[in-house]
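Asks: My questions will all concern the structure given below.
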Amino acid sequence: MKKYIIALLMCVCMPAYATTVIATVNGKPITDDDITARTKLMSYQGKTSTDNRRVALQNIIDDNVKLNYASNFGVNPTDQDADTELKKMGLPALSENEKSVARDAMRANMAWQVIIARTVLPMVDVSETDIASERAALAREHGLPIEMTMVRLVDIPDNVAAKLTKPKNCDDAMRMAENLGGAPQKITARQYELSSDVRDVVAELPILTWSRPISNSVFLVCNTKKTSEYGKLDKMLKQNAEYKQAMFMAEQQLKQLRRRAAVIIKDDRYKL
């Protein structure tokens with residue numbers, strides 16, 4: 001009987017860890033159970049971190065901050081709106097608390113996208129320099145929809161490569177290579193079809209200029225021609241530049257909103 005009473009007292013005195021309030025944001029409690037639910041949602045989305053629970057807490061705080069700010073603009077996505085989007089994600093069966101946390105996360109994301117569209121995007125000002133930077137990055141990483149006619153010399157010794165001079169045209173480059181004992185190849189391909197090592201060399205190579213040797217080969221770009229795909233490229237690059245600038249501005253705005261929010265961390269494990 002004595003053992004039973006002691007065990008009962010221990011159960012009564014020990015805190016219910018799953019429902020422990022870890023933090024509050026603008027007076028709203030965030031429990032340990034909420035953080036567990038958010039870490040599960042993160043894992044379902046393929047987001048992992050060595051500090052998952054701390055990240056999950058910050059995400060929940062951000063959800064509250066975003067929803068609170070969006071409500072000032074009359075932006076209040078409903079649970080039904082959130083459920084519709086969550087269904088598209090094909091998540092596994094969720095507990096009631098997991099559903100609630102997932103809804104809040106989705107509602108916050110939906111609301112924040114509206115806020116960005118209304119208040120951030122109108123302030124974005126993309127310059128030609130920004131677009132040129134996007135174009136250069138795309139050229140290096142993936143290649144552009146540009147058709148390139150090139151001359152390639154394979155297995156060329158360094159001493160022979162050093163004798164190559166600037167040709168007048170593509171045919172002149174072919175004759176020059178042949179006169180030096182080479183067997184030049186004439187290639188026509190879209191820039192994005194080239195292997196990354198070749199693209200790195202020719203993407204920004206001036207016309208009719210021999211490249212540095214790469215894998216015992218040298219290249220010369222005879223001419224380039226924009227394909228029909230290129231017409232849509234500048235619009236896409238502008239949109240990418242606008243998106244990046246908008247996301248940066250939105251993150252700065254969110255940092256300000258976090259500082260203004262009444263966030264109280266009650267658990268020392270989550271304090272910075």
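Chain labels run A, B, ... following the order of the structure tokens; each chain numbers its residues from 1, and ligands are numbered from 1 in the order shown.
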As a VMD selection string, list the residues of segment 25-143 of chain A assigned to strand (DSSP E) by DSSP on the backbone atoms of this structure.
Replies: chain A and resid 25 28 to 31
Asks: Leu194 of chain A: which residues within 10 Å, counting only C-alpha atoms, same-chain residues fewer than 4 positions away excluded, as a list in words?
Replies: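 Residues meeting the cut-off are His142, Gly143, Met148, Ala189, Arg190, Val198, Arg199, Asp200, Val202 and Ala203 of chain A.
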Asks: Write to file, as a JSON list (two decimals), in the first residue's frame, the residues of the selection just made, with C-alpha atoms.
Replies:
[["chain", "number", "residue", "atom", "x", "y", "z"],
["A", 142, "HIS", "CA", 23.41, 25.46, -66.41],
["A", 143, "GLY", "CA", 24.13, 27.20, -69.70],
["A", 148, "MET", "CA", 27.28, 27.99, -80.33],
["A", 189, "ALA", "CA", 25.49, 22.85, -79.87],
["A", 190, "ARG", "CA", 23.34, 24.78, -77.42],
["A", 198, "VAL", "CA", 33.53, 22.81, -71.38],
["A", 199, "ARG", "CA", 30.77, 25.31, -70.57],
["A", 200, "ASP", "CA", 32.92, 26.90, -67.87],
["A", 202, "VAL", "CA", 33.35, 28.81, -73.44],
["A", 203, "ALA", "CA", 30.39, 30.50, -71.67]]
Asks: For Asp155 of chain A, please output as a list in words all residues within 9 Å (counting only C-alpha atoms; exclusion window: fewer than 5 positions along the same chain).
Replies: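 So, after excluding close chain neighbours, the residues are Gly182, Ser215, Asn216, Ser217 and Val218 of chain A.
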Asks: Write out the residues from the selection above, keeping N, CA and C atoms, as a compact mmCIF listing (two decimals), in the first residue's frame.
Replies:
# COMPACT_ATOMS: atom_id res chain seq x y z
N GLY A 182 47.17 19.70 -86.33
CA GLY A 182 46.02 19.26 -85.56
C GLY A 182 44.90 18.73 -86.42
N SER A 215 41.66 19.68 -70.34
CA SER A 215 41.71 18.24 -70.65
C SER A 215 42.37 18.00 -72.01
N ASN A 216 43.49 18.68 -72.22
CA ASN A 216 44.28 18.54 -73.46
C ASN A 216 43.52 19.01 -74.69
N SER A 217 42.53 19.86 -74.51
CA SER A 217 41.78 20.40 -75.64
C SER A 217 41.72 21.93 -75.52
N VAL A 218 41.61 22.58 -76.67
CA VAL A 218 41.35 24.02 -76.69
C VAL A 218 40.13 24.27 -77.55
Asks: Which neighbours of Gln185 of chain A fall inside 10 Å, counting only C-alpha atoms, when residues of the same chain fewer than 5 positions from it are skipped, and could you give them as a PyMOL selection string?
Replies: chain A and resi 150-154+174+177+219
Asks: For Met110 of chain A, find every residue with an atom within 10 Å (counting only C-alpha atoms), except residues of its own chain fewer than 5 positions away, and show them as a PDB file with N, CA and C atoms, in the first residue's frame.
Replies:
ATOM      1  N   LYS A  66       3.920  36.151 -38.180  1.00  0.00           N
ATOM      2  CA  LYS A  66       3.398  36.393 -39.532  1.00  0.00           C
ATOM      3  C   LYS A  66       1.876  36.537 -39.519  1.00  0.00           C
ATOM      4  N   LEU A  67       1.199  35.629 -38.805  1.00  0.00           N
ATOM      5  CA  LEU A  67      -0.262  35.666 -38.770  1.00  0.00           C
ATOM      6  C   LEU A  67      -0.760  36.932 -38.072  1.00  0.00           C
ATOM      7  N   ALA A  70      -0.179  39.829 -40.521  1.00  0.00           N
ATOM      8  CA  ALA A  70      -1.079  39.748 -41.672  1.00  0.00           C
ATOM      9  C   ALA A  70      -2.503  40.143 -41.319  1.00  0.00           C
ATOM     10  N   VAL A  75      -5.742  39.890 -43.726  1.00  0.00           N
ATOM     11  CA  VAL A  75      -5.359  38.620 -44.353  1.00  0.00           C
ATOM     12  C   VAL A  75      -5.424  37.537 -43.293  1.00  0.00           C
ATOM     13  N   ASN A  76      -6.422  36.685 -43.387  1.00  0.00           N
ATOM     14  CA  ASN A  76      -6.644  35.643 -42.377  1.00  0.00           C
ATOM     15  C   ASN A  76      -7.054  34.331 -43.047  1.00  0.00           C
ATOM     16  N   PRO A  77      -6.094  33.566 -43.593  1.00  0.00           N
ATOM     17  CA  PRO A  77      -6.441  32.277 -44.198  1.00  0.00           C
ATOM     18  C   PRO A  77      -7.142  31.387 -43.175  1.00  0.00           C
ATOM     19  N   THR A  78      -8.145  30.671 -43.608  1.00  0.00           N
ATOM     20  CA  THR A  78      -8.923  29.830 -42.700  1.00  0.00           C
ATOM     21  C   THR A  78      -8.297  28.442 -42.577  1.00  0.00           C
ATOM     22  N   ASP A  81      -8.873  26.624 -45.717  1.00  0.00           N
ATOM     23  CA  ASP A  81      -7.876  26.975 -46.742  1.00  0.00           C
ATOM     24  C   ASP A  81      -6.600  26.165 -46.528  1.00  0.00           C
ATOM     25  N   ALA A  82      -6.164  26.104 -45.256  1.00  0.00           N
ATOM     26  CA  ALA A  82      -4.939  25.387 -44.920  1.00  0.00           C
ATOM     27  C   ALA A  82      -5.078  23.894 -45.195  1.00  0.00           C
ATOM     28  N   GLU A  85      -4.613  22.980 -48.821  1.00  0.00           N
ATOM     29  CA  GLU A  85      -3.209  22.970 -49.247  1.00  0.00           C
ATOM     30  C   GLU A  85      -2.447  21.805 -48.634  1.00  0.00           C
ATOM     31  N   ASP A 104      -1.505  25.859 -38.674  1.00  0.00           N
ATOM     32  CA  ASP A 104      -0.941  27.178 -38.365  1.00  0.00           C
ATOM     33  C   ASP A 104       0.244  27.486 -39.275  1.00  0.00           C
ATOM     34  N   ALA A 105       1.072  26.475 -39.519  1.00  0.00           N
ATOM     35  CA  ALA A 105       2.233  26.669 -40.385  1.00  0.00           C
ATOM     36  C   ALA A 105       1.792  27.024 -41.796  1.00  0.00           C
ATOM     37  N   ILE A 115       1.210  38.965 -48.015  1.00  0.00           N
ATOM     38  CA  ILE A 115       1.857  40.182 -47.516  1.00  0.00           C
ATOM     39  C   ILE A 115       3.029  40.575 -48.413  1.00  0.00           C
TER      40      ILE A 115
END
Asks: Go through A:Tyr270, A:Lys244, A:Ile264, A:Pro206 and flag the residue nearest Ala56 of chain A, using only C-alpha atoms for the distances.
Replies: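 Checking each candidate against Ala56 of chain A, we get A:Tyr270 as the closest.
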Asks: Within 8 Å of Val124 of chain A, counting only C-alpha atoms, which residues qualify if same-chain residues fewer than 5 places away don't, as number ranges by chain?
Replies: A: 242, 245-246
Asks: Take the residues from that selection and write them out as a compact mmCIF listing (two decimals), in the first residue's frame, keeping N, CA and C atoms.
Replies:
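The result, stored in again.txt:
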# COMPACT_ATOMS: atom_id res chain seq x y z
N GLU A 242 13.73 39.55 -59.10
CA GLU A 242 12.69 40.16 -58.26
C GLU A 242 12.38 39.28 -57.06
N GLN A 245 15.23 39.45 -54.48
CA GLN A 245 15.22 40.73 -53.77
C GLN A 245 14.04 40.80 -52.81
N ALA A 246 12.89 40.30 -53.26
CA ALA A 246 11.69 40.32 -52.42
C ALA A 246 11.88 39.44 -51.18
Asks: Calculated over only C-alpha atoms, which of the candidates A:Asp62, A:Asp158, A:Asp130, A:Asp32 has the smallest distance to Gln253 of chain A?
Replies: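 Distance minimum relative to Gln253 of chain A lands on A:Asp62.
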Asks: Between A:Glu178, A:Glu134, A:Asp125, A:Glu96, which has the minimum distance to Asp234 of chain A (counting only C-alpha atoms)?
Replies: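 The shortest atom-to-atom distance to Asp234 of chain A comes from A:Glu134.
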Asks: When you count only C-alpha atoms, which of these residues is closest to Ala136 of chain A: A:Ser49, A:Lys99, A:Leu237, A:Ser196?
Replies: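 Closest residue, counting only C-alpha atoms: A:Leu237.
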Asks: Please report, as a ChimeraX atom specification, each residue of segment 22-264 of chain A to which DSSP assigns alpha helix (DSSP H) when run on this structure's backbone.
Replies: /A:32-44,52-71,79-89,96-115,128-141,158-161,170-179,196-202,233-260
Asks: So that I can check the surroundings of Val101 of chain A, please list as a ChimeraX atom specification every protein, DNA and RNA residue that reaches within 7 Å of it, counting only C-alpha atoms and ignoring chain neighbours fewer than 5 positions away.
Replies: /A:34,37-38
Asks: Which residue is closest to Gln113 of chain A? Choose from A:Val160, A:Ile265, A:Met247, A:Val25 and count only C-alpha atoms.
Replies: A:Met247
Asks: Pick from A:Thr36, A:Pro122, A:Asp51, A:Ala161: nearest to Ser95 of chain A, with only C-alpha atoms counted?
Replies: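 Checking each candidate against Ser95 of chain A, we get A:Thr36 as the closest.
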